[in-house]
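Heads up, final.csv below (CSV, C-alpha atoms):
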```csv
chain,number,residue,atom,x,y,z
A,2,MET,CA,27.0,-114.6,-54.7
A,3,LYS,CA,27.3,-118.1,-53.3
A,4,ARG,CA,24.3,-120.2,-52.4
A,5,THR,CA,24.8,-123.4,-50.4
A,6,THR,CA,22.6,-126.5,-50.8
A,7,LEU,CA,22.8,-129.2,-48.2
A,8,LEU,CA,20.8,-132.5,-48.0
A,9,LEU,CA,21.8,-135.5,-45.9
A,10,THR,CA,19.7,-138.5,-45.0
A,11,VAL,CA,21.1,-141.1,-42.6
A,12,ALA,CA,19.3,-144.4,-42.3
A,13,ILE,CA,19.6,-146.2,-39.0
A,14,GLY,CA,18.1,-149.4,-37.7
A,15,LEU,CA,17.8,-149.4,-33.9
A,16,SER,CA,16.9,-152.9,-32.6
A,17,MET,CA,15.2,-151.9,-29.4
A,18,ALA,CA,14.2,-148.3,-29.1
A,19,PHE,CA,13.7,-146.8,-32.5
A,20,SER,CA,13.2,-147.8,-36.1
A,21,GLY,CA,13.0,-145.6,-39.1
A,22,GLN,CA,15.3,-142.7,-40.1
A,23,VAL,CA,17.3,-139.9,-38.7
A,24,GLU,CA,17.5,-137.0,-41.2
A,25,LEU,CA,19.7,-134.0,-41.5
A,26,LYS,CA,18.3,-131.6,-44.0
A,27,LYS,CA,19.0,-128.0,-45.1
A,28,ASP,CA,16.7,-125.6,-46.8
A,29,LEU,CA,18.0,-123.9,-50.0
A,30,ASN,CA,18.5,-120.5,-48.5
A,31,SER,CA,19.3,-121.4,-45.0
A,32,SER,CA,22.5,-122.3,-43.2
A,33,SER,CA,20.8,-124.5,-40.6
A,34,VAL,CA,20.8,-128.3,-40.7
A,35,LYS,CA,18.0,-130.1,-38.8
A,36,LEU,CA,18.1,-133.5,-37.3
A,37,SER,CA,14.8,-135.4,-37.3
A,38,LEU,CA,13.5,-138.8,-36.2
A,39,SER,CA,11.0,-140.5,-38.4
A,40,LYS,CA,7.4,-140.1,-37.2
A,41,SER,CA,6.9,-143.8,-37.8
A,42,ALA,CA,9.5,-144.5,-35.2
A,43,THR,CA,8.3,-146.6,-32.2
A,44,ALA,CA,9.7,-147.0,-28.7
A,45,ASP,CA,9.5,-150.2,-26.7
A,46,GLN,CA,10.3,-148.3,-23.5
A,47,GLU,CA,10.6,-144.7,-22.3
A,48,VAL,CA,13.4,-142.8,-23.9
A,49,LYS,CA,15.0,-140.1,-21.6
A,50,GLY,CA,17.8,-138.8,-23.9
A,51,LEU,CA,20.0,-139.2,-26.9
A,52,GLN,CA,23.8,-139.0,-27.1
A,53,PHE,CA,25.8,-139.2,-30.3
A,54,ASP,CA,28.9,-137.9,-32.1
A,55,LEU,CA,28.6,-135.9,-35.3
A,56,LYS,CA,31.6,-136.3,-37.6
A,57,TYR,CA,32.3,-134.0,-40.5
A,58,ASN,CA,35.2,-133.0,-42.7
A,59,SER,CA,36.7,-129.8,-41.1
A,60,ASP,CA,38.7,-129.1,-44.2
A,61,GLU,CA,35.5,-128.6,-46.2
A,62,ILE,CA,32.8,-127.4,-43.8
A,63,LYS,CA,32.8,-125.6,-40.5
A,64,PHE,CA,30.6,-126.2,-37.5
A,65,GLU,CA,29.1,-123.0,-36.2
A,66,ASP,CA,26.4,-123.7,-33.6
A,67,ALA,CA,23.6,-126.1,-32.5
A,68,SER,CA,20.4,-125.9,-30.5
A,69,SER,CA,17.4,-128.1,-29.4
A,70,LEU,CA,14.1,-127.7,-31.2
A,71,LEU,CA,12.1,-129.5,-28.5
A,72,ASN,CA,10.3,-127.6,-25.7
A,73,GLY,CA,11.5,-128.7,-22.3
A,74,PHE,CA,14.7,-130.4,-23.6
A,75,THR,CA,18.2,-129.2,-23.2
A,76,PHE,CA,20.9,-129.9,-25.8
A,77,GLU,CA,24.5,-129.7,-24.7
A,78,PHE,CA,27.3,-130.1,-27.2
A,79,GLN,CA,31.1,-129.8,-27.3
A,80,SER,CA,33.4,-129.6,-30.3
A,81,THR,CA,36.2,-131.7,-28.8
A,82,GLU,CA,38.4,-131.7,-31.9
A,83,ALA,CA,38.4,-130.7,-35.5
A,84,GLY,CA,35.6,-132.5,-37.4
A,85,MET,CA,33.8,-133.9,-34.3
A,86,VAL,CA,30.9,-132.6,-32.2
A,87,LYS,CA,29.7,-134.6,-29.2
A,88,GLY,CA,26.0,-134.0,-28.4
A,89,LEU,CA,23.5,-134.9,-25.6
A,90,ILE,CA,19.8,-134.1,-25.4
A,91,PHE,CA,17.8,-134.6,-22.3
A,92,SER,CA,15.1,-133.1,-20.1
A,93,MET,CA,16.0,-131.5,-16.7
A,94,SER,CA,12.6,-132.5,-15.4
A,95,GLY,CA,12.9,-136.1,-16.5
A,96,GLN,CA,10.4,-135.8,-19.4
A,97,SER,CA,10.4,-138.7,-21.9
A,98,LEU,CA,11.1,-138.2,-25.6
A,99,ASN,CA,8.0,-139.0,-27.7
A,100,PRO,CA,9.0,-140.4,-31.1
A,101,GLU,CA,5.7,-139.2,-32.6
A,102,ASP,CA,6.7,-135.6,-32.0
A,103,LEU,CA,10.3,-135.8,-33.2
A,104,SER,CA,9.9,-134.3,-36.7
A,105,ASN,CA,12.5,-131.7,-35.7
A,106,VAL,CA,14.9,-132.6,-32.9
A,107,LEU,CA,18.0,-130.5,-33.2
A,108,GLU,CA,19.3,-127.7,-35.4
A,109,PHE,CA,23.0,-127.5,-36.5
A,110,ASN,CA,24.6,-124.5,-38.2
A,111,PHE,CA,27.4,-125.3,-40.8
A,112,SER,CA,29.1,-123.1,-43.3
A,113,PRO,CA,31.5,-124.0,-46.1
A,114,VAL,CA,35.2,-123.5,-45.5
A,115,ASP,CA,36.5,-120.7,-47.8
A,116,GLY,CA,36.9,-121.9,-51.3
A,117,PHE,CA,35.0,-125.2,-50.8
A,118,ALA,CA,32.2,-126.2,-53.1
A,119,GLY,CA,31.1,-129.7,-53.8
A,120,VAL,CA,30.3,-132.9,-51.9
A,121,SER,CA,31.2,-133.5,-48.2
A,122,ASP,CA,30.3,-136.2,-45.7
A,123,ILE,CA,28.5,-136.0,-42.4
A,124,GLN,CA,28.0,-139.0,-40.2
A,125,LEU,CA,26.3,-139.8,-36.9
A,126,VAL,CA,28.3,-142.3,-34.9
A,127,ASN,CA,28.4,-143.7,-31.3
A,128,MET,CA,24.6,-143.1,-30.9
A,129,ILE,CA,23.2,-144.0,-27.5
A,130,ILE,CA,19.5,-144.0,-26.6
A,131,ALA,CA,19.1,-143.7,-22.9
A,132,GLY,CA,16.4,-145.3,-20.7
A,133,GLU,CA,14.9,-144.4,-17.4
A,134,HIS,CA,18.2,-144.7,-15.5
A,135,GLY,CA,20.5,-143.5,-18.2
A,136,GLU,CA,21.2,-147.0,-19.4
A,137,ASN,CA,21.8,-147.6,-23.2
A,138,ILE,CA,18.6,-149.3,-24.5
A,139,THR,CA,20.0,-149.6,-28.0
A,140,ASN,CA,22.0,-152.7,-28.7
A,141,GLU,CA,22.6,-152.5,-32.4
A,142,PHE,CA,22.5,-149.8,-35.0
A,143,ALA,CA,24.1,-149.1,-38.4
A,144,ILE,CA,24.7,-145.6,-39.8
A,145,PRO,CA,26.1,-145.4,-43.3
A,146,VAL,CA,28.0,-142.4,-44.4
A,147,SER,CA,25.9,-139.9,-46.4
A,148,SER,CA,27.0,-137.1,-48.6
A,149,VAL,CA,26.1,-133.4,-48.5
A,150,SER,CA,26.7,-130.8,-51.1
A,151,PHE,CA,27.6,-127.2,-51.0
A,152,GLU,CA,27.0,-125.9,-54.5
A,153,ASN,CA,27.9,-122.5,-55.9
A,154,THR,CA,25.2,-120.9,-58.1
A,155,LEU,CA,27.0,-119.6,-61.1
A,156,PRO,CA,27.1,-115.8,-61.3
A,157,LEU,CA,24.6,-114.1,-63.6
A,158,LYS,CA,27.3,-111.8,-65.0
A,159,THR,CA,31.0,-111.3,-65.0
A,160,ALA,CA,32.0,-108.6,-62.6
A,161,LEU,CA,34.9,-107.0,-60.8
A,162,SER,CA,34.0,-105.8,-57.2
A,163,LYS,CA,35.6,-103.1,-55.0
A,164,ASN,CA,38.6,-104.3,-53.1
A,165,TYR,CA,38.6,-104.5,-49.3
A,166,PRO,CA,40.0,-103.1,-47.1
A,167,ASN,CA,40.5,-99.8,-49.0
A,168,PRO,CA,42.7,-98.0,-48.1
A,169,PHE,CA,44.9,-101.0,-47.1
A,170,ASN,CA,48.2,-102.0,-45.6
A,171,PRO,CA,49.7,-104.5,-46.2
A,172,SER,CA,47.3,-106.4,-48.4
A,173,THR,CA,43.9,-106.2,-49.9
A,174,THR,CA,41.3,-108.7,-51.3
A,175,ILE,CA,39.7,-108.2,-54.8
A,176,PRO,CA,36.5,-110.2,-55.4
A,177,TYR,CA,35.4,-111.1,-58.9
A,178,GLU,CA,32.8,-113.3,-60.6
A,179,LEU,CA,32.8,-115.1,-64.0
A,180,ARG,CA,29.7,-115.9,-65.8
A,181,GLU,CA,31.5,-118.3,-68.2
A,182,ASP,CA,34.8,-120.1,-68.4
A,183,GLY,CA,37.7,-118.3,-70.1
A,184,LEU,CA,41.0,-116.6,-70.0
A,185,VAL,CA,41.2,-114.0,-67.2
A,186,SER,CA,43.8,-111.4,-66.5
A,187,MET,CA,44.1,-109.1,-63.6
A,188,VAL,CA,46.9,-106.5,-63.6
A,189,VAL,CA,47.8,-103.7,-61.2
A,190,TYR,CA,49.0,-100.4,-62.7
A,191,ASP,CA,50.3,-97.2,-61.3
A,192,LEU,CA,48.6,-93.9,-62.2
A,193,ASN,CA,51.1,-93.4,-65.1
A,194,GLY,CA,49.9,-96.6,-66.7
A,195,ALA,CA,53.0,-98.7,-65.9
A,196,GLU,CA,52.5,-102.3,-65.0
A,197,VAL,CA,53.2,-103.0,-61.3
A,198,LYS,CA,52.0,-106.5,-60.7
A,199,THR,CA,50.2,-109.3,-62.6
A,200,LEU,CA,47.8,-110.9,-60.2
A,201,LEU,CA,46.2,-113.4,-62.6
A,202,SER,CA,46.7,-114.6,-66.2
A,203,GLU,CA,45.1,-118.0,-66.7
A,204,ASN,CA,42.0,-119.9,-67.7
A,205,VAL,CA,39.4,-119.8,-65.0
A,206,SER,CA,36.1,-121.7,-64.7
A,207,ALA,CA,32.9,-119.8,-64.1
A,208,GLY,CA,32.2,-119.0,-60.5
A,209,SER,CA,33.0,-116.6,-57.7
A,210,TYR,CA,36.7,-115.9,-56.7
A,211,GLN,CA,39.0,-113.6,-54.9
A,212,ALA,CA,42.5,-112.2,-55.8
A,213,VAL,CA,44.9,-110.8,-53.2
A,214,TRP,CA,47.5,-108.1,-53.7
A,215,ASN,CA,50.1,-107.7,-50.9
A,216,GLY,CA,51.6,-104.4,-52.2
A,217,VAL,CA,54.6,-105.8,-54.1
A,218,ASN,CA,55.6,-105.6,-57.7
A,219,ASN,CA,56.5,-108.3,-60.2
A,220,THR,CA,60.0,-108.5,-58.8
A,221,GLY,CA,58.8,-108.9,-55.2
A,222,GLN,CA,59.7,-105.4,-54.0
A,223,ASN,CA,57.3,-103.4,-51.8
A,224,VAL,CA,55.8,-100.5,-53.7
A,225,ALA,CA,55.3,-97.0,-52.4
A,226,SER,CA,52.1,-95.6,-50.8
A,227,GLY,CA,49.6,-94.2,-53.3
A,228,ARG,CA,46.8,-95.0,-55.6
A,229,TYR,CA,46.8,-98.0,-58.0
A,230,ILE,CA,44.5,-99.3,-60.7
A,231,VAL,CA,43.5,-102.9,-61.1
A,232,LYS,CA,42.3,-103.9,-64.6
A,233,MET,CA,40.5,-107.2,-65.1
A,234,SER,CA,39.9,-108.7,-68.5
A,235,ALA,CA,37.7,-111.7,-69.3
A,236,PRO,CA,35.7,-113.0,-72.3
A,237,GLY,CA,33.5,-110.0,-73.3
A,238,PHE,CA,34.4,-108.1,-70.2
A,239,SER,CA,36.9,-105.4,-69.1
A,240,ASP,CA,36.7,-103.2,-66.0
A,241,THR,CA,39.0,-101.3,-63.6
A,242,ILE,CA,38.9,-100.2,-59.9
A,243,THR,CA,41.1,-97.9,-58.0
A,244,MET,CA,42.9,-98.9,-54.8
A,245,THR,CA,44.9,-96.9,-52.2
A,246,LEU,CA,47.9,-98.2,-50.4
A,247,LEU,CA,48.8,-96.4,-47.2
A,248,LYS,CA,52.0,-97.1,-45.1
```

So that I can check it, write out the structure of this file as structure tokens.
Amino acid sequence: MKRTTLLLTVAIGLSMAFSGQVELKKDLNSSSVKLSLSKSATADQEVKGLQFDLKYNSDEIKFEDASSLLNGFTFEFQSTEAGMVKGLIFSMSGQSLNPEDLSNVLEFNFSPVDGFAGVSDIQLVNMIIAGEHGENITNEFAIPVSSVSFENTLPLKTALSKNYPNPFNPSTTIPYELREDGLVSMVVYDLNGAEVKTLLSENVSAGSYQAVWNGVNNTGQNVASGRYIVKMSAPGFSDTITMTLLK
């Protein structure tokens, strides 16, 4: 199973309205990312709203959703393009933002793109802090790029899981996990024991993976409907599952 770990701290210096830090942070077993303003932040005048762009690498992580964590405040957002979310937080009743209460401002939900594990970047840009009449009361700010990590927890054991869908047409996915690095083979056989298709025969690092069989043999020809056996071999491991192809 995969577990994601995400931690991002973005330091910003705001010349007029705020000083301190904005923090994006993710709990070990959660998919949510929270934006917080430092409790030590101070305001020289009333702050009525925040506007910013959130940039991320859409080839690595996927934006799912976002919401306000402040009572009485609305957060509107729009994903205008891949890797960019525009956000605006404000009060419909004209309530001011109190920096002392902004330990949790917004919550974002991200997930890793299929197959991604490692370090990605998220950045807050084009931040505007709005005053009483919607004017920008922030003249200068600097936001460095900070890194986030999606890390796979290594499997506790090597395993071959049931394929899905099953029965299938035209293709099926076969999940498997490796506790340690090593040579892995995965071969499809018919019920007579004849080899149909070699799906994998190579050295693979420890981790969680998927193999896909699209119902063809080693010469690229479509095979007949019926039951087939997949055998996986890895260091200290051997197991089989049965799949059914229906046309």

Please measure the separation of atom CA of A:Ala207 and atom CA of A:Asp240, giving the value in Å to one decimal.
->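 We find that atom CA of A:Ala207 and atom CA of A:Asp240 lie 17.1 Å from each other.
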
Contacts of stretch 183-194 of chain A within 9 Å, all atoms listed in the file, excl. fewer than 4 positions in-chain, as a list in words |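 The residues satisfying every condition are Leu179, Lys198, Thr199, Leu200, Leu201, Ser202, Glu203, Asn204, Val205, Ser206, Ala207, Ala212, Trp214, Asn218, Gly227, Arg228, Tyr229, Ile230, Val231, Lys232, Met233, Ser234, Ala235 and Pro236 of chain A.
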
Counting only C-alpha atoms, what is within 10 Å of A:Ala225, bar same-chain residues fewer than 5 positions away, as a ChimeraX atom specification?
-> /A:216-217,246-248

Could you check which of A:Gly50, A:Pro156, A:Gly73, A:Pro113 is closest to A:Leu89, using all atoms listed in the file?
->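 Residue with the minimum atom-to-atom distance to A:Leu89: A:Gly50.
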
A:Phe109, A:Asn219, A:Val224, A:Gly135 ranked by distance to A:Val86, top pick (using all atoms listed in the file) | A:Phe109

So how many Å separate atom CA of A:Met244 and atom CA of A:Lys163, to one decimal?
->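 Atom CA of A:Lys163 lies 8.4 Å from atom CA of A:Met244.
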
Please, what distance in Å, to one decimal, runs between atom CA of A:Asn164 and atom CA of A:Asn215?
-> 12.2 Å

Got a sec: who's within 7 Å of A:Leu125, counting all atoms listed in the file, leaving out chain neighbours fewer than 3 positions off, as a PyMOL selection string?
-> chain A and resi 53-56+144

Closest of A:Gln96, A:Gln52, A:Thr243, A:Asn223 to A:Ser172 - atom-to-atom distances counting all atoms listed in the file =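 The answer is A:Asn223, which sits nearest to A:Ser172.
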
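Distance check against A:Leu157 using all atoms listed in the file: of A:Asn72, A:Gly208, A:Ser80, A:Asp60, the minimum falls on A:Gly208.
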
Counting only C-alpha atoms, which of A:Ile129, A:Leu107, A:Ile175, A:Ala67 gets nearest to A:Ser209?
-> A:Ile175
